[in-house]
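See below for data.txt, which holds compact mmCIF, C-alpha atoms.
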# COMPACT_ATOMS: atom_id res chain seq x y z
CA ALA W 1 31.89 12.92 0.04
CA ALA W 2 30.62 11.74 -3.36
CA ALA W 3 29.38 8.46 -1.87
CA ALA W 4 27.16 10.29 0.62
CA GLU W 5 25.41 12.04 -2.27
CA LYS W 6 24.28 8.79 -3.88
CA THR W 7 21.00 7.12 -2.97
CA PHE W 8 20.11 3.56 -3.86
CA ASN W 9 16.43 2.67 -3.58
CA PHE W 10 15.38 -0.95 -3.92
CA VAL W 11 11.86 -2.14 -4.55
CA VAL W 12 11.67 -5.78 -3.52
CA ALA W 13 8.59 -7.97 -3.61
CA CYS W 14 9.02 -9.83 -0.34
CA HIS W 15 5.80 -11.09 1.18
CA ASP W 16 7.37 -12.44 4.37
CA LEU W 17 9.91 -11.21 6.91
CA LYS W 18 12.53 -13.90 6.26
CA SER W 19 12.77 -13.06 2.55
CA PHE W 20 12.77 -9.35 3.31
CA ARG W 21 15.60 -9.67 5.82
CA SER W 22 17.65 -11.63 3.29
CA GLN W 23 17.15 -8.94 0.64
CA ALA W 24 17.81 -6.12 3.12
CA GLU W 25 21.09 -7.73 4.22
CA LEU W 26 22.16 -7.95 0.57
CA VAL W 27 21.41 -4.33 -0.26
CA ALA W 28 23.02 -3.17 3.00
CA ARG W 29 26.36 -4.05 1.40
CA LEU W 30 26.00 -0.85 -0.63
CA LYS W 31 26.06 1.42 2.44
CA PRO W 32 29.74 2.36 1.93
CA TYR W 33 28.76 3.83 -1.45
CA GLY W 34 25.80 5.96 -0.40
CA HIS W 35 22.41 6.03 1.30
CA VAL W 36 20.50 2.77 0.86
CA GLN W 37 16.72 2.61 0.99
CA ILE W 38 14.50 -0.43 0.65
CA ASN W 39 10.78 -0.60 0.04
CA ILE W 40 8.75 -1.91 2.98
CA SER W 41 5.25 -1.70 1.51
CA THR W 42 4.83 -5.06 -0.23
CA LEU W 43 1.71 -6.76 1.15
CA PRO W 44 2.03 -10.16 2.85
CA GLU W 45 -0.66 -11.62 0.62
CA LYS W 46 -3.35 -10.67 -1.84
CA SER W 47 -6.22 -8.60 -0.56
CA TRP W 48 -8.67 -11.39 -1.29
CA TYR W 49 -11.63 -9.30 -0.17
CA THR W 50 -11.15 -7.10 -3.27
CA ILE W 51 -11.62 -9.93 -5.79
CA PRO W 52 -15.25 -10.29 -6.91
CA GLU W 53 -17.03 -13.62 -6.86
CA GLY W 54 -16.29 -15.46 -10.08
CA GLY W 55 -12.88 -13.82 -10.38
CA SER W 56 -11.50 -11.02 -12.49
CA ALA W 57 -8.07 -10.76 -14.12
CA TRP W 58 -7.72 -7.09 -13.24
CA HIS W 59 -8.73 -7.65 -9.61
CA GLU W 60 -6.24 -10.53 -9.31
CA TYR W 61 -3.54 -8.09 -10.41
CA ALA W 62 -4.76 -5.24 -8.20
CA ALA W 63 -5.14 -7.41 -5.09
CA TYR W 64 -1.41 -7.08 -4.40
CA ASN W 65 -1.41 -3.28 -4.76
CA PRO W 66 -0.36 -1.61 -1.51
CA THR W 67 -2.37 1.46 -0.54
CA PHE W 68 -2.40 3.76 2.49
CA PHE W 69 -5.81 2.44 3.49
CA LYS W 70 -4.66 -1.20 3.48
CA TYR W 71 -2.27 -0.27 6.31
CA PHE W 72 -3.89 2.70 8.02
CA PRO W 73 -7.51 3.06 6.94
CA HIS W 74 -9.09 6.34 7.91
CA PRO W 75 -11.89 5.78 10.48
CA GLN W 76 -14.46 6.52 7.76
CA VAL W 77 -12.90 3.82 5.53
CA ALA W 78 -11.99 1.26 8.21
CA PRO W 79 -15.43 -0.41 8.46
CA PHE W 80 -15.13 -1.41 4.79
CA ILE W 81 -11.72 -3.09 4.97
CA PRO W 82 -11.39 -6.30 6.99
CA ALA W 83 -9.63 -5.50 10.28
CA ASP W 84 -7.68 -8.77 10.28
CA VAL W 85 -6.28 -7.93 6.83
CA VAL W 86 -5.22 -4.47 7.99
CA ALA W 87 -3.59 -6.00 11.08
CA ALA W 88 -1.62 -8.51 8.98
CA HIS W 89 -0.49 -5.82 6.55
CA ARG W 90 0.55 -3.45 9.33
CA LYS W 91 2.33 -6.21 11.28
CA LEU W 92 4.61 -7.06 8.35
CA LEU W 93 5.19 -3.38 7.56
CA LEU W 94 6.33 -2.68 11.12
CA GLU W 95 8.51 -5.80 11.21
CA LYS W 96 10.19 -4.69 7.98
CA ALA W 97 10.71 -1.21 9.44
CA ALA W 98 12.44 -2.77 12.45
CA VAL W 99 14.82 -4.68 10.15
CA VAL W 100 15.55 -1.48 8.23
CA ARG W 101 16.43 0.35 11.46
CA GLU W 102 18.53 -2.58 12.70
CA LEU W 103 20.59 -2.60 9.48
CA GLY W 104 20.92 1.19 9.33
CA LEU W 105 19.01 1.49 6.05
CA GLY W 106 16.40 3.96 4.90
CA ALA W 107 12.84 2.84 4.29
CA SER W 108 10.72 3.73 1.31
CA PHE W 109 6.99 3.24 0.98
CA TRP W 110 5.68 2.74 -2.55
CA CYS W 111 1.96 2.49 -3.03
CA TYR W 112 -1.05 3.32 -5.11
CA GLY W 113 -1.97 6.56 -3.38
CA VAL W 114 -5.36 6.67 -5.06
CA ASN W 115 -6.87 3.22 -5.35
CA PHE W 116 -10.33 1.73 -5.37
CA LEU W 117 -12.48 1.20 -2.32
CA PRO W 118 -15.26 -1.36 -1.85
CA GLU W 119 -18.57 -0.39 -3.42
CA ALA W 120 -20.18 -0.59 0.04
CA PHE W 121 -18.13 2.47 1.01
CA PHE W 122 -19.57 4.49 -1.88
CA THR W 123 -23.07 3.23 -1.14
CA ALA W 124 -22.66 4.68 2.36
CA HIS W 125 -20.85 7.82 1.11
CA PRO W 126 -22.04 8.47 -2.47
CA GLY W 127 -20.76 12.05 -2.58
CA LEU W 128 -17.15 10.88 -2.13
CA ARG W 129 -17.03 8.72 -5.28
CA GLY W 130 -14.31 9.62 -7.75
CA PRO W 131 -13.26 8.20 -11.11
CA ARG W 132 -13.54 4.66 -12.33
CA VAL W 133 -10.09 3.09 -11.94
CA ASP W 134 -10.37 -0.52 -13.06
CA HIS W 135 -9.52 -1.74 -16.55
CA PRO W 136 -12.80 -2.12 -18.49
CA ARG W 137 -11.56 -4.96 -20.73
CA ARG W 138 -9.94 -6.96 -17.93
CA SER W 139 -12.30 -6.31 -15.05
CA THR W 140 -15.58 -8.05 -14.33
CA GLN W 141 -16.67 -5.36 -11.88
CA GLU W 142 -16.37 -1.58 -12.01
CA GLU W 143 -14.22 -0.02 -9.31
CA PHE W 144 -13.98 3.60 -8.17
CA SER W 145 -11.58 5.66 -6.11
CA LEU W 146 -12.16 8.65 -3.89
CA CYS W 147 -12.53 11.98 -5.66
CA VAL W 148 -9.26 13.75 -4.88
CA ASP W 149 -10.83 17.11 -5.70
CA LEU W 150 -12.77 16.95 -2.43
CA GLU W 151 -10.99 18.30 0.65
CA GLU W 152 -12.71 15.66 2.82
CA ASN W 153 -11.07 12.89 0.78
CA ARG W 154 -7.66 14.57 0.76
CA GLU W 155 -7.93 14.82 4.53
CA MET W 156 -8.50 11.05 4.73
CA TYR W 157 -5.30 10.48 2.74
CA ARG W 158 -3.40 12.97 4.93
CA TRP W 159 -4.64 11.19 8.06
CA SER W 160 -3.48 7.80 6.77
CA MET W 161 -0.09 9.22 5.78
CA GLU W 162 0.31 10.74 9.25
CA GLN W 163 -0.42 7.35 10.81
CA LEU W 164 2.22 5.78 8.58
CA LYS W 165 4.79 8.43 9.50
CA LYS W 166 4.12 7.87 13.23
CA SER W 167 4.72 4.12 12.95
Would you mind writing the file's structure down as structure tokens?
Amino acid sequence: AAAAEKTFNFVVACHDLKSFRSQAELVARLKPYGHVQINISTLPEKSWYTIPEGGSAWHEYAAYNPTFFKYFPHPQVAPFIPADVVAAHRKLLLEKAAVVRELGLGASFWCYGVNFLPEAFFTAHPGLRGPRVDHPRRSTQEEFSLCVDLEENREMYRWSMEQLKKS
């Protein structure tokens, strides 16, 4: 009974299915000792579209940050995130989820819930702009997130989360 009360949650940085499967098979060995979860939200590659021309140390770091919108962009956000990038991110996410189910593990999804969006989004929707979220000393370009005080923006996050839960 005590083993069933324990939960092990592993965050692994696997950018491909083969590496993920290997890690998942290793952590599955802990199933006799409790519930085992493994993170499935690591991106397959950097979100190159987020790095400004000329580079930026902060953007290089942030390009690997998983977000809801990098997997399931709300229809209002989708035109500003490359569809092929979303498709690649979602494909790996769903493949990892299949491995998790196959091995009888639990899945966890770790992400930056509030992250920056391309400036073109805020040019088209200026009233939705929220706080500056980049690092001023390490970034060569200011970045902003949605204002979470606005119900419209919270609804976009809810929509993306619902899409994730349905997957």
Which residues are near Lys91 in chain W? Cut-off 12 Å, all atoms listed in the file, ignore same chain within fewer than 4 positions. Put them as a list in words. His15, Asp16, Leu17, Ile40, Ser41, Thr42, Leu43, Pro44, Lys70, Tyr71, Phe72, Asp84, Val85, Val86, Ala87, Glu95, Lys96, Ala97, Ala98 and Ser167 of chain W
Restricting the calculation to only C-alpha atoms, which member of W:Val100, W:Val148, W:Ala120, W:Val77 is positioned closest to Gln23 in chain W?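 Closest candidate: W:Val100.
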At most 9 Å from (1.9, 3.9, 6.8), file frame, all atoms listed in the file: which residues, as a list in words?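 Checked against the point, the hits come out as Ser41, Thr67, Phe68, Phe69, Lys70, Tyr71, Phe72, Arg90, Leu93, Phe109, Ser160, Met161, Glu162, Gln163, Leu164, Lys165, Lys166 and Ser167 of chain W.
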Given the choices W:Ala63, W:Val114, W:Val11, W:Leu128, which gets closest to Gln76 in chain W if the distance is worked out from all atoms listed in the file?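 Nearest candidate to Gln76 in chain W out of W:Ala63, W:Val114, W:Val11, W:Leu128: W:Leu128.
For the set W:Pro52, W:Gly127, W:Pro82, W:Gly106, the residue with the smallest atom-to-atom gap to Glu142 in chain W is W:Pro52, counting all atoms listed in the file.
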Residues at most 10 Å from His35 in chain W, counting all atoms listed in the file, excluding those fewer than 5 positions away in the same chain, as a PyMOL selection string? chain W and resi 3-9+28+30+104-106
Excluding Leu103 in chain W and any residue of its chain fewer than 4 positions from it, enumerate the residues within 8 Å of it, using only C-alpha atoms, and give them as a PDB file with C-alpha atoms, in the frame of the given file.
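After the write, part05.pdb holds the following:
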ATOM      1  CA  ALA W  24      17.810  -6.120   3.120  1.00  0.00           C
ATOM      2  CA  GLU W  25      21.090  -7.730   4.220  1.00  0.00           C
ATOM      3  CA  ALA W  28      23.020  -3.170   3.000  1.00  0.00           C
ATOM      4  CA  VAL W  99      14.820  -4.680  10.150  1.00  0.00           C
TER       5      VAL W  99
END
Pick from W:Glu45, W:Glu143, W:Glu60, W:Glu152 nearest to His125 in chain W, counting all atoms listed in the file: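 Using all atoms listed in the file, His125 in chain W sits closest to W:Glu152.
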Calculate how many Å separate CA of Cys147 in chain W from CA of Asn115 in chain W, rounding to one decimal.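 According to the coordinates, CA of Cys147 in chain W and CA of Asn115 in chain W are separated by 10.4 Å.
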Gap from CA of Gln141 in chain W to CA of Ser56 in chain W - Å, one decimal: 7.7 Å
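When CA of Leu117 in chain W is paired with CA of Phe20 in chain W, their separation reads 27.9 Å.
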